[in-house]
file my_file19.csv (CSV, C-alpha atoms and all ligand atoms)
chain,number,residue,atom,x,y,z
A,298,MET,CA,-30.9,13.5,10.1
A,299,ASN,CA,-27.4,14.9,9.4
A,300,GLU,CA,-27.6,18.0,7.1
A,301,TYR,CA,-24.7,19.6,5.3
A,302,GLU,CA,-24.4,22.4,2.7
A,303,PHE,CA,-21.5,23.0,0.3
A,304,ASP,CA,-20.7,25.1,-2.8
A,305,ILE,CA,-19.7,22.0,-4.7
A,306,VAL,CA,-20.3,18.3,-4.0
A,307,ILE,CA,-18.6,15.4,-5.9
A,308,ILE,CA,-20.4,12.1,-5.7
A,309,GLY,CA,-17.6,9.4,-5.8
A,310,GLY,CA,-14.1,9.3,-4.4
A,311,GLY,CA,-12.5,6.9,-7.0
A,312,CYS,CA,-9.6,8.1,-9.1
A,313,ILE,CA,-11.8,10.5,-11.1
A,314,GLY,CA,-13.5,12.1,-8.1
A,315,SER,CA,-10.2,12.3,-6.2
A,316,SER,CA,-8.5,14.0,-9.2
A,317,ILE,CA,-11.3,16.5,-9.5
A,318,ALA,CA,-11.1,17.3,-5.8
A,319,PHE,CA,-7.4,17.8,-6.1
A,320,HIS,CA,-7.6,20.2,-9.0
A,321,LEU,CA,-10.5,22.2,-7.4
A,322,ALA,CA,-8.3,22.5,-4.3
A,323,GLN,CA,-5.3,23.7,-6.4
A,324,LYS,CA,-7.5,26.3,-8.1
A,325,GLY,CA,-8.6,27.7,-4.7
A,326,PHE,CA,-12.0,26.3,-4.4
A,327,ARG,CA,-12.6,25.8,-0.7
A,328,HIS,CA,-16.1,24.9,0.4
A,329,PHE,CA,-16.5,21.5,-1.3
A,330,ALA,CA,-17.1,17.9,-0.4
A,331,ILE,CA,-16.9,14.3,-1.7
A,332,VAL,CA,-19.6,11.9,-0.7
A,333,ASP,CA,-18.9,8.2,-1.2
A,334,SER,CA,-19.9,4.8,0.0
A,335,GLY,CA,-17.4,2.1,-0.9
A,336,ARG,CA,-14.4,3.8,-2.4
A,337,LYS,CA,-12.0,1.3,-0.7
A,338,ASN,CA,-13.8,-1.8,-1.7
A,339,LEU,CA,-16.6,-1.3,-4.3
A,340,SER,CA,-15.1,1.2,-6.6
A,341,ALA,CA,-13.5,0.2,-9.9
A,342,THR,CA,-10.4,2.1,-8.7
A,343,SER,CA,-10.0,-0.1,-5.7
A,344,GLN,CA,-9.8,-3.2,-8.0
A,345,SER,CA,-7.8,-1.5,-10.8
A,346,GLY,CA,-4.7,-3.0,-12.2
A,347,GLY,CA,-3.2,0.5,-12.1
A,348,LEU,CA,-1.3,0.0,-15.4
A,349,LEU,CA,-0.2,3.2,-17.1
A,350,ARG,CA,0.5,3.4,-20.8
A,351,VAL,CA,-0.3,6.0,-23.4
A,352,PHE,CA,-1.0,4.3,-26.7
A,353,HIS,CA,-4.6,3.6,-27.5
A,354,GLU,CA,-6.6,3.2,-30.7
A,355,ASN,CA,-8.7,6.3,-29.8
A,356,THR,CA,-6.7,9.4,-30.4
A,357,ASP,CA,-8.5,11.3,-27.6
A,358,HIS,CA,-7.4,8.6,-25.2
A,359,VAL,CA,-3.8,9.3,-26.3
A,360,ASP,CA,-4.2,13.0,-25.6
A,361,LEU,CA,-5.6,12.4,-22.2
A,362,ALA,CA,-3.0,9.8,-21.2
A,363,LEU,CA,-0.1,12.0,-22.4
A,364,ARG,CA,-1.5,14.9,-20.2
A,365,HIS,CA,-1.9,12.5,-17.3
A,366,HIS,CA,1.7,11.4,-17.7
A,367,GLU,CA,2.9,15.0,-17.5
A,368,LEU,CA,0.7,16.0,-14.6
A,369,LYS,CA,1.7,12.9,-12.7
A,370,LYS,CA,5.4,13.6,-13.1
A,371,THR,CA,4.9,17.2,-11.8
A,372,LEU,CA,3.0,16.0,-8.8
A,373,GLN,CA,5.7,13.4,-8.0
A,374,THR,CA,8.3,16.1,-8.2
A,375,GLN,CA,6.2,18.3,-5.8
A,376,ASN,CA,5.9,15.3,-3.4
A,377,ILE,CA,2.1,15.4,-3.7
A,378,LEU,CA,2.0,11.9,-5.2
A,379,LEU,CA,4.3,10.0,-2.9
A,380,GLU,CA,4.6,6.7,-4.8
A,381,THR,CA,7.6,6.3,-7.0
A,382,ASN,CA,7.4,3.7,-9.7
A,383,THR,CA,10.0,2.0,-11.8
A,384,PRO,CA,8.9,1.6,-15.4
A,385,ASN,CA,8.8,-2.0,-16.6
A,386,GLY,CA,7.6,-1.1,-20.1
A,387,SER,CA,4.4,-1.8,-21.9
A,388,LEU,CA,3.6,-3.6,-25.1
A,389,TYR,CA,0.4,-3.0,-27.2
A,390,PHE,CA,0.1,-5.9,-29.6
A,391,PHE,CA,-1.8,-5.4,-32.8
A,392,ASP,CA,-2.2,-7.0,-36.2
A,393,ARG,CA,0.3,-5.2,-38.5
A,394,ARG,CA,-2.4,-4.4,-41.0
A,395,ARG,CA,-3.8,-1.9,-38.6
A,396,PHE,CA,-0.5,0.1,-38.6
A,397,ASN,CA,-1.7,2.8,-41.0
A,398,ASP,CA,-4.7,3.5,-38.8
A,399,TYR,CA,-2.4,4.4,-35.9
A,400,THR,CA,-0.3,7.2,-37.6
A,401,LEU,CA,-2.1,10.1,-35.9
A,402,ASN,CA,-1.9,8.4,-32.5
A,403,LEU,CA,1.9,7.8,-32.9
A,404,HIS,CA,2.5,11.4,-34.2
A,405,LYS,CA,0.9,12.7,-31.0
A,406,MET,CA,3.2,10.6,-28.9
A,407,GLU,CA,6.2,11.7,-30.9
A,408,ALA,CA,5.2,15.4,-30.8
A,409,ALA,CA,4.9,15.2,-27.0
A,410,GLY,CA,8.4,13.6,-26.7
A,411,TYR,CA,7.0,10.5,-25.2
A,412,PRO,CA,9.3,7.6,-26.1
A,413,PHE,CA,8.0,4.5,-28.0
A,414,GLU,CA,9.2,2.0,-30.6
A,415,ILE,CA,7.3,-0.1,-33.1
A,416,VAL,CA,8.4,-3.8,-32.6
A,417,THR,CA,7.8,-6.2,-35.5
A,418,ALA,CA,7.4,-9.9,-35.1
A,419,LYS,CA,11.0,-10.5,-36.1
A,420,THR,CA,12.6,-8.0,-33.7
A,421,GLY,CA,10.1,-8.8,-31.0
A,422,ALA,CA,11.0,-12.5,-30.8
A,423,THR,CA,14.6,-11.5,-29.9
A,424,ARG,CA,13.8,-8.6,-27.7
A,425,PHE,CA,10.9,-10.0,-25.8
A,426,PRO,CA,11.2,-13.8,-25.9
A,427,MET,CA,8.8,-14.2,-23.0
A,428,PHE,CA,5.9,-13.5,-25.5
A,429,ALA,CA,4.6,-15.7,-28.3
A,430,TRP,CA,4.9,-13.7,-31.6
A,431,ASN,CA,3.3,-14.6,-34.9
A,432,ALA,CA,4.2,-13.3,-38.3
A,433,ASP,CA,1.5,-10.6,-38.3
A,434,SER,CA,1.9,-9.5,-34.7
A,435,TRP,CA,3.5,-6.1,-34.2
A,436,ALA,CA,3.5,-4.0,-31.0
A,437,VAL,CA,3.9,-0.5,-29.8
A,438,TYR,CA,6.5,-0.6,-27.0
A,439,GLU,CA,6.5,2.1,-24.4
A,440,PRO,CA,9.6,1.9,-22.2
A,441,LEU,CA,8.0,4.3,-19.7
A,442,GLY,CA,4.9,2.0,-19.2
A,443,ASN,CA,4.5,1.3,-15.6
A,444,HIS,CA,2.1,0.6,-12.7
A,445,ALA,CA,0.9,2.7,-9.8
A,446,SER,CA,-1.3,1.8,-6.8
A,447,ALA,CA,-4.7,3.4,-7.6
A,448,ASN,CA,-5.6,3.5,-3.9
A,449,GLN,CA,-2.4,5.2,-2.9
A,450,PHE,CA,-2.9,7.7,-5.7
A,451,CYS,CA,-6.4,8.6,-4.4
A,452,ASP,CA,-5.2,8.8,-0.8
A,453,ASP,CA,-2.4,11.2,-1.8
A,454,LEU,CA,-4.7,13.5,-3.8
A,455,LEU,CA,-7.4,13.4,-1.1
A,456,ASP,CA,-4.8,14.2,1.6
A,457,TYR,CA,-3.7,17.3,-0.2
A,458,SER,CA,-7.3,18.3,-0.9
A,459,GLN,CA,-8.4,17.9,2.7
A,460,HIS,CA,-5.7,20.3,3.8
A,461,SER,CA,-7.2,22.8,1.4
A,462,GLY,CA,-10.8,22.7,2.3
A,463,LEU,CA,-12.2,19.4,1.1
A,464,THR,CA,-14.7,17.6,3.4
A,465,MET,CA,-14.9,13.8,3.0
A,466,ILE,CA,-18.3,12.3,3.8
A,467,ASP,CA,-17.8,8.5,3.7
A,468,ASN,CA,-20.4,5.8,4.2
A,469,PHE,CA,-23.1,8.0,2.6
A,470,GLU,CA,-25.0,6.1,-0.1
A,471,VAL,CA,-26.8,8.7,-2.2
A,472,GLU,CA,-30.2,7.3,-2.9
A,473,ARG,CA,-31.9,10.2,-4.5
A,474,ILE,CA,-30.9,13.6,-6.1
A,475,CYS,CA,-33.4,16.4,-6.6
A,476,PHE,CA,-33.0,20.0,-7.8
A,477,PHE,CA,-35.1,22.5,-5.9
A,478,ARG,CA,-34.8,26.2,-5.3
A,479,ASP,CA,-31.7,26.5,-7.4
A,480,ARG,CA,-29.6,23.8,-5.5
A,481,TYR,CA,-29.2,20.1,-5.5
A,482,ARG,CA,-30.2,17.9,-2.6
A,483,LEU,CA,-28.6,14.5,-2.3
A,484,PHE,CA,-30.1,12.3,0.4
A,485,ASN,CA,-30.9,9.0,2.0
A,486,ARG,CA,-32.7,8.3,5.3
A,487,ALA,CA,-29.7,9.3,7.4
A,488,HIS,CA,-28.0,12.2,5.5
A,489,SER,CA,-29.0,15.1,3.4
A,490,VAL,CA,-26.4,17.3,1.5
A,491,PHE,CA,-27.2,20.5,-0.4
A,492,ALA,CA,-24.9,21.7,-3.2
A,493,LYS,CA,-25.0,24.6,-5.6
A,494,THR,CA,-22.9,22.6,-8.1
A,495,LEU,CA,-23.0,18.8,-8.3
A,496,ILE,CA,-20.3,16.7,-10.0
A,497,PHE,CA,-21.2,13.1,-10.6
A,498,ALA,CA,-18.1,10.8,-10.6
A,499,GLY,CA,-19.9,7.8,-9.3
A,500,GLY,CA,-18.4,5.4,-11.8
A,501,ALA,CA,-19.6,2.0,-12.7
A,502,ARG,CA,-21.6,1.2,-9.6
A,503,SER,CA,-24.2,3.8,-10.1
A,504,ILE,CA,-24.0,5.0,-13.7
A,505,PRO,CA,-26.6,2.5,-14.9
A,506,HIS,CA,-28.9,3.8,-12.2
A,507,LEU,CA,-28.8,7.5,-13.0
A,508,HIS,CA,-32.5,7.5,-13.9
A,509,GLU,CA,-33.4,6.0,-10.5
A,510,LEU,CA,-31.3,8.7,-8.7
A,511,GLY,CA,-33.1,11.4,-10.6
A,512,ILE,CA,-30.7,12.2,-13.5
A,513,GLY,CA,-31.1,11.3,-17.2
A,514,HIS,CA,-28.6,9.7,-19.4
A,515,SER,CA,-27.9,6.3,-17.8
A,516,LEU,CA,-24.8,4.5,-19.2
A,517,LYS,CA,-23.8,0.8,-19.2
A,518,ALA,CA,-21.6,-1.0,-16.7
A,519,GLN,CA,-19.9,-4.2,-17.4
A,520,GLU,CA,-18.5,-6.9,-15.1
A,521,LEU,CA,-14.9,-7.8,-15.6
A,522,LYS,CA,-13.1,-10.9,-14.5
A,523,VAL,CA,-9.4,-10.7,-13.7
A,524,TYR,CA,-7.0,-12.8,-11.8
A,525,LYS,CA,-4.3,-11.8,-9.4
A,526,SER,CA,-1.4,-14.1,-8.6
A,527,LYS,CA,-1.5,-15.2,-4.9
A,528,GLU,CA,2.2,-15.5,-4.7
A,529,SER,CA,5.1,-13.3,-5.6
A,530,LEU,CA,6.5,-13.5,-9.1
A,531,SER,CA,9.6,-15.3,-8.1
A,532,THR,CA,7.7,-18.4,-7.0
A,533,LEU,CA,5.5,-18.6,-10.1
A,534,ASN,CA,6.5,-20.8,-12.9
A,535,ILE,CA,7.9,-18.2,-15.2
A,536,SER,CA,10.8,-18.7,-17.4
A,537,ASN,CA,13.7,-16.2,-17.2
A,538,ALA,CA,12.8,-15.8,-13.5
A,539,ALA,CA,15.8,-13.6,-13.1
A,540,GLU,CA,14.4,-11.2,-15.6
A,541,ASN,CA,11.0,-10.9,-14.1
A,542,SER,CA,11.3,-7.3,-13.4
A,543,ALA,CA,11.8,-6.8,-17.2
A,544,ILE,CA,8.5,-8.4,-18.2
A,545,PRO,CA,6.5,-5.5,-19.8
A,546,ASN,CA,2.8,-5.1,-19.2
A,547,PHE,CA,0.9,-5.9,-22.3
A,548,PHE,CA,-2.4,-5.5,-24.0
A,549,ASP,CA,-3.4,-7.6,-27.0
A,550,ARG,CA,-5.7,-5.7,-29.4
A,551,GLU,CA,-6.8,-8.8,-31.3
A,552,LYS,CA,-7.5,-11.1,-28.3
A,553,LEU,CA,-8.4,-8.3,-25.8
A,554,GLN,CA,-6.1,-9.9,-23.3
A,555,TYR,CA,-3.8,-8.1,-21.0
A,556,SER,CA,-1.5,-8.8,-18.2
A,557,GLY,CA,0.6,-6.6,-15.9
A,558,VAL,CA,3.2,-7.0,-13.3
A,559,VAL,CA,1.9,-5.2,-10.3
A,560,GLY,CA,4.7,-3.5,-8.3
A,561,GLN,CA,7.1,-6.2,-9.5
A,562,GLN,CA,5.3,-8.4,-7.0
A,563,ARG,CA,2.3,-10.0,-8.5
A,564,LEU,CA,0.8,-10.6,-11.9
A,565,ILE,CA,-2.7,-9.5,-12.9
A,566,VAL,CA,-4.1,-11.1,-16.0
A,567,SER,CA,-7.4,-10.7,-17.9
A,568,ASP,CA,-7.7,-14.4,-18.7
A,569,LEU,CA,-5.9,-17.5,-17.7
A,570,SER,CA,-5.7,-18.8,-21.2
A,571,LEU,CA,-2.7,-16.6,-21.7
A,572,GLU,CA,-1.0,-18.2,-24.7
A,573,LYS,CA,0.6,-14.8,-25.3
A,574,LEU,CA,3.0,-15.4,-22.4
A,575,ASN,CA,5.3,-18.3,-23.0
A,576,HIS,CA,4.7,-19.7,-19.5
A,577,CYS,CA,2.4,-22.3,-17.9
A,578,PHE,CA,0.1,-20.9,-15.2
A,579,ASP,CA,-1.4,-23.0,-12.5
A,580,PRO,CA,-5.0,-21.7,-11.9
A,581,GLU,CA,-4.6,-22.6,-8.2
A,582,ARG,CA,-2.1,-20.0,-7.9
A,583,PHE,CA,-4.4,-17.2,-9.0
A,584,GLN,CA,-7.2,-15.4,-7.2
A,585,GLU,CA,-10.3,-14.6,-9.2
A,586,ILE,CA,-11.7,-11.1,-8.8
A,587,TRP,CA,-14.9,-9.7,-10.2
A,588,ALA,CA,-15.2,-6.0,-10.6
A,589,LEU,CA,-17.4,-3.5,-12.4
A,590,ASP,CA,-16.3,-0.9,-14.8
A,591,CYS,CA,-18.1,1.7,-16.8
A,592,TYR,CA,-18.8,1.7,-20.5
A,593,ALA,CA,-20.1,4.6,-22.5
A,594,PRO,CA,-21.0,4.1,-26.2
A,595,GLN,CA,-17.9,3.3,-28.3
A,596,ARG,CA,-15.8,3.5,-25.1
A,597,LEU,CA,-16.1,7.3,-25.2
A,598,GLY,CA,-16.5,9.0,-21.9
A,599,TYR,CA,-18.2,12.1,-20.5
A,600,ALA,CA,-16.5,15.0,-18.9
A,601,GLY,CA,-18.6,18.1,-18.8
A,602,PHE,CA,-21.9,19.8,-18.1
A,603,LEU,CA,-25.0,17.8,-18.6
A,604,ALA,CA,-27.5,19.6,-20.8
A,605,GLY,CA,-30.8,20.2,-19.1
A,606,HIS,CA,-29.4,20.0,-15.6
A,607,PRO,CA,-28.0,23.4,-14.3
A,608,ARG,CA,-24.6,23.2,-12.8
A,609,LEU,CA,-24.4,19.4,-13.0
A,610,LEU,CA,-21.3,17.9,-14.4
A,611,LEU,CA,-20.8,14.3,-15.3
A,612,ALA,CA,-17.3,12.7,-15.3
A,613,THR,CA,-17.4,9.1,-16.1
A,614,GLY,CA,-17.2,6.4,-18.8
A,615,TRP,CA,-14.2,5.5,-20.9
A,616,GLY,CA,-14.4,1.7,-20.8
A,617,GLY,CA,-11.9,0.2,-18.5
A,618,THR,CA,-9.0,2.6,-18.8
A,619,ALA,CA,-9.7,5.7,-16.8
A,620,PHE,CA,-7.0,5.4,-14.2
A,621,LYS,CA,-4.4,6.3,-16.8
A,622,PHE,CA,-5.9,9.7,-17.6
A,623,SER,CA,-7.8,10.6,-14.4
A,624,LEU,CA,-5.6,13.6,-13.6
A,625,GLU,CA,-6.4,15.2,-16.9
A,626,ILE,CA,-10.2,14.6,-16.5
A,627,GLY,CA,-9.9,16.3,-13.0
A,628,HIS,CA,-8.1,19.2,-14.6
A,629,ARG,CA,-10.7,19.7,-17.3
A,630,ILE,CA,-13.6,19.6,-14.9
A,631,ALA,CA,-12.0,22.1,-12.5
A,632,GLN,CA,-11.1,24.3,-15.5
A,633,ALA,CA,-14.7,24.2,-16.7
A,634,LEU,CA,-15.9,25.4,-13.3
A,635,GLU,CA,-13.3,28.1,-13.1
A,636,ASN,CA,-14.3,29.4,-16.5
A,637,LYS,CA,-17.9,29.8,-15.2
A,638,PRO,CA,-20.5,27.2,-16.1
A,639,ILE,CA,-21.7,27.0,-19.6
A,640,GLU,CA,-24.1,24.2,-20.4
A,641,ARG,CA,-22.2,22.2,-23.0
A,642,SER,CA,-19.9,19.2,-22.9
A,643,ILE,CA,-16.2,20.2,-22.6
A,644,ALA,CA,-14.8,16.9,-23.8
A,645,HIS,CA,-16.3,13.7,-25.2
A,646,ALA,CA,-13.1,11.9,-24.6
B,701,LIG,C1,-10.3,-5.0,-12.6
B,701,LIG,C2,-10.0,-3.7,-13.3
B,701,LIG,C3,-8.7,-3.4,-13.7
B,701,LIG,C4,-8.4,-2.2,-14.3
B,701,LIG,N1,-7.2,-1.9,-14.7
B,701,LIG,C5,-6.9,-0.7,-15.2
B,701,LIG,C6,-5.5,-0.4,-15.6
B,701,LIG,O1,-4.6,-1.2,-15.5
B,701,LIG,N2,-5.3,0.9,-16.1
B,701,LIG,C7,-6.2,1.8,-16.2
B,701,LIG,O2,-5.9,2.9,-16.6
B,701,LIG,N3,-7.5,1.5,-15.9
B,701,LIG,C8,-7.8,0.3,-15.4
B,701,LIG,N4,-9.1,0.0,-15.0
B,701,LIG,C9,-10.1,1.1,-15.2
B,701,LIG,C10,-10.1,2.1,-14.1
B,701,LIG,O3,-9.7,1.5,-12.9
B,701,LIG,C11,-11.4,2.7,-13.9
B,701,LIG,O4,-11.9,3.2,-15.2
B,701,LIG,C12,-11.4,3.9,-12.9
B,701,LIG,O5,-11.0,3.4,-11.7
B,701,LIG,C13,-12.8,4.5,-12.8
B,701,LIG,O6,-12.7,5.5,-11.8
B,701,LIG,P1,-14.0,6.3,-11.4
B,701,LIG,O7,-13.5,7.2,-10.3
B,701,LIG,O8,-14.7,6.8,-12.6
B,701,LIG,O9,-15.0,5.2,-10.7
B,701,LIG,P2,-14.9,4.3,-9.4
B,701,LIG,O10,-13.5,4.0,-9.1
B,701,LIG,O11,-15.9,3.2,-9.5
B,701,LIG,O12,-15.4,5.4,-8.3
B,701,LIG,C14,-16.7,5.7,-8.1
B,701,LIG,C15,-17.0,6.0,-6.7
B,701,LIG,O13,-18.3,6.5,-6.5
B,701,LIG,C16,-19.0,5.9,-5.4
B,701,LIG,N5,-20.4,5.9,-5.6
B,701,LIG,C17,-21.1,5.5,-6.7
B,701,LIG,N6,-22.4,5.7,-6.5
B,701,LIG,C18,-22.6,6.2,-5.3
B,701,LIG,C19,-23.7,6.7,-4.5
B,701,LIG,N7,-25.0,6.6,-5.0
B,701,LIG,N8,-23.5,7.2,-3.3
B,701,LIG,C20,-22.3,7.3,-2.8
B,701,LIG,N9,-21.1,7.0,-3.5
B,701,LIG,C21,-21.3,6.4,-4.7
B,701,LIG,C22,-18.4,4.5,-5.4
B,701,LIG,O14,-18.5,3.9,-4.1
B,701,LIG,C23,-17.0,4.7,-5.9
B,701,LIG,O15,-16.1,4.8,-4.8
B,701,LIG,C24,-9.5,-1.2,-14.4
B,701,LIG,C25,-10.7,-1.4,-13.9
B,701,LIG,C26,-11.0,-2.7,-13.4
B,701,LIG,C27,-12.4,-2.9,-12.8
call {"tool": "encode", "arguments": {"input": "my_file19.csv", "output": "structure tokens", "more": "lines below"}}
Ligand SMILES: Cc1cc2nc3c(=O)[nH]c(=O)nc-3n(C[C@H](O)[C@H](O)[C@H](O)COP(=O)(O)OP(=O)(O)OC[C@H]3O[C@@H](n4cnc5c(N)ncnc54)[C@H](O)[C@@H]3O)c2cc1C
result
Amino acid sequence: MNEYEFDIVIIGGGCIGSSIAFHLAQKGFRHFAIVDSGRKNLSATSQSGGLLRVFHENTDHVDLALRHHELKKTLQTQNILLETNTPNGSLYFFDRRRFNDYTLNLHKMEAAGYPFEIVTAKTGATRFPMFAWNADSWAVYEPLGNHASANQFCDDLLDYSQHSGLTMIDNFEVERICFFRDRYRLFNRAHSVFAKTLIFAGGARSIPHLHELGIGHSLKAQELKVYKSKESLSTLNISNAAENSAIPNFFDREKLQYSGVVGQQRLIVSDLSLEKLNHCFDPERFQEIWALDCYAPQRLGYAGFLAGHPRLLLATGWGGTAFKFSLEIGHRIAQALENKPIERSIAHA
């Protein structure tokens, strides 16, 4: 049996685990590891659309996404995140009667200097003719909305962290966790890892099974179906083909549909009955993908110490949108460890 011992072990190398590792490395933590089995194929991150926008109904989500946006810009400037992305904009459609509920969210964006516009049905039909607008449909338009490759994002952060003391243990499926003599032991038949502090960033695959692993507080995971176009955008039957690069990503609050242009190359859509886009799609030209993501009650997430478990942090949840604020979650977890553990939750995002 292979045995390892570290000060801190993170279970999960998806966007959350990678972001935590990065911030720990930046803060000078050295003797720490990620254990993972499946980050390149089973994780929600590996299937993620990678769409980045800020507006959300939940004001905490807005705070987290704004911070992620700032952190990402800094890391791009420092050549830590190597991918550069060209914004193609993002539209968040909603029934105009909800507008008053969104005042605080929009104030936050305004105060942070993050650009946005409210587009009404009338102006929308002229500015974004590729979408079907009805009289009650308004949208928040973010010109900086864009897309990033979630895999590349993790690779860049892990590369930096490995140069600063992170050990990666891949192909290790943790089957059981126990706490004994003041440290955690994570093990299966082949491996055993000891950790003084444990951070659980195992995402959707394992979060419903926390009880079986030996931790309380199991959460729900939900299967999502999305489609990716098999061909490049220029060969799809999309009107205004010349303006493809200007098609914004969108999310429809009322129909819970979304679609995004991935790297100006392919389209990812939540459902093929996309009446929102004024185009005809041929299902043959799309590839169906099933993926799991993680849902905490009311789509709120957990980032912080778990009561009743000494030096155990949970960083997961958020309901299908965690890529766009993963850097800030990583920052908060590393900050909590730096400030010496106290057993309370630092953020119910
Ligand atoms: C299809 C799809 C599209 C999405 N699109 C977007 C989007 O456009 N924008 C956005 O912001 N968000 C999007 N999301 C949401 C976002 O991708 C996820 O919320 C985010 O990737 C979750 O990251 P995570 O690190 O918490 O979990 P994961 O990425 O699932 O990572 C958890 C890791 O832990 C490992 N693991 C789990 N259990 C064990 C164990 N017992 N032993 C060892 N390793 C273990 C897993 O292998 C995995 O690598 C999308 C999600 C899906 C599924």
call {"tool": "residues_near_ligand", "arguments": {"input": "my_file19.csv", "ligand": "ligand LIG 701 (chain B)", "cutoff": "6 Å", "atoms": "all atoms listed in the file", "output": "PyMOL selection string"}}
result
chain A and resi 308-314+332-336+339-342+344-349+469-472+498-503+523+588-590+613+617-621
call {"tool": "write_last_selection", "arguments": {"input": "my_file19.csv", "atoms": "C-alpha atoms", "output": "short mmCIF file (atom, residue, chain, number, x, y, z; two decimals), keeping the file's coordinate frame"}}
result
data_model
loop_
_atom_site.label_atom_id
_atom_site.label_comp_id
_atom_site.auth_asym_id
_atom_site.auth_seq_id
_atom_site.Cartn_x
_atom_site.Cartn_y
_atom_site.Cartn_z
CA ILE A 308 -20.40 12.10 -5.70
CA GLY A 309 -17.60 9.40 -5.80
CA GLY A 310 -14.10 9.30 -4.40
CA GLY A 311 -12.50 6.90 -7.00
CA CYS A 312 -9.60 8.10 -9.10
CA ILE A 313 -11.80 10.50 -11.10
CA GLY A 314 -13.50 12.10 -8.10
CA VAL A 332 -19.60 11.90 -0.70
CA ASP A 333 -18.90 8.20 -1.20
CA SER A 334 -19.90 4.80 0.00
CA GLY A 335 -17.40 2.10 -0.90
CA ARG A 336 -14.40 3.80 -2.40
CA LEU A 339 -16.60 -1.30 -4.30
CA SER A 340 -15.10 1.20 -6.60
CA ALA A 341 -13.50 0.20 -9.90
CA THR A 342 -10.40 2.10 -8.70
CA GLN A 344 -9.80 -3.20 -8.00
CA SER A 345 -7.80 -1.50 -10.80
CA GLY A 346 -4.70 -3.00 -12.20
CA GLY A 347 -3.20 0.50 -12.10
CA LEU A 348 -1.30 0.00 -15.40
CA LEU A 349 -0.20 3.20 -17.10
CA PHE A 469 -23.10 8.00 2.60
CA GLU A 470 -25.00 6.10 -0.10
CA VAL A 471 -26.80 8.70 -2.20
CA GLU A 472 -30.20 7.30 -2.90
CA ALA A 498 -18.10 10.80 -10.60
CA GLY A 499 -19.90 7.80 -9.30
CA GLY A 500 -18.40 5.40 -11.80
CA ALA A 501 -19.60 2.00 -12.70
CA ARG A 502 -21.60 1.20 -9.60
CA SER A 503 -24.20 3.80 -10.10
CA VAL A 523 -9.40 -10.70 -13.70
CA ALA A 588 -15.20 -6.00 -10.60
CA LEU A 589 -17.40 -3.50 -12.40
CA ASP A 590 -16.30 -0.90 -14.80
CA THR A 613 -17.40 9.10 -16.10
CA GLY A 617 -11.90 0.20 -18.50
CA THR A 618 -9.00 2.60 -18.80
CA ALA A 619 -9.70 5.70 -16.80
CA PHE A 620 -7.00 5.40 -14.20
CA LYS A 621 -4.40 6.30 -16.80
#
call {"tool": "closest_residue", "arguments": {"input": "my_file19.csv", "among": "A:Ile331, A:Leu363, A:Leu553, A:Ala633", "to": "Ser458 of chain A", "atoms": "all atoms listed in the file"}}
result
A:Ile331
call {"tool": "residues_around", "arguments": {"input": "my_file19.csv", "residues": "Ser315 of chain A", "least_positions_apart": "3", "cutoff": "12 Å", "atoms": "all atoms listed in the file", "output": "JSON, numbers by chain"}}
result
{"A": [306, 307, 308, 309, 310, 311, 312, 318, 319, 320, 321, 322, 330, 331, 332, 333, 336, 342, 447, 448, 449, 450, 451, 452, 453, 454, 455, 456, 457, 458, 459, 463, 464, 465, 496, 497, 498, 499, 612, 620, 623, 624, 625, 626, 627, 628, 630, 631]}
call {"tool": "residues_around", "arguments": {"input": "my_file19.csv", "residues": "Gly557 of chain A", "least_positions_apart": "6", "cutoff": "10 Å", "atoms": "all atoms listed in the file", "output": "PyMOL selection string"}}
result
chain A and resi 346-349+385-387+443-444+525+544-548+563-567
call {"tool": "closest_residue", "arguments": {"input": "my_file19.csv", "among": "A:Arg482, A:Gln584, A:Asp392, A:Ala445", "to": "Val558 of chain A", "atoms": "all atoms listed in the file"}}
result
A:Ala445
call {"tool": "atom_distance", "arguments": {"input": "my_file19.csv", "atom1": "atom CA of Arg393 of chain A", "atom2": "atom CA of Thr417 of chain A"}}
result
8.1 Å
call {"tool": "closest_residue", "arguments": {"input": "my_file19.csv", "among": "A:Tyr599, A:Asp304, A:Asp479, A:Phe428", "to": "Leu634 of chain A", "atoms": "all atoms listed in the file"}}
result
A:Asp304
call {"tool": "closest_residue", "arguments": {"input": "my_file19.csv", "among": "A:Ala362, A:Leu401, A:Leu510, A:Ile504", "to": "Asn485 of chain A", "atoms": "all atoms listed in the file"}}
result
A:Leu510
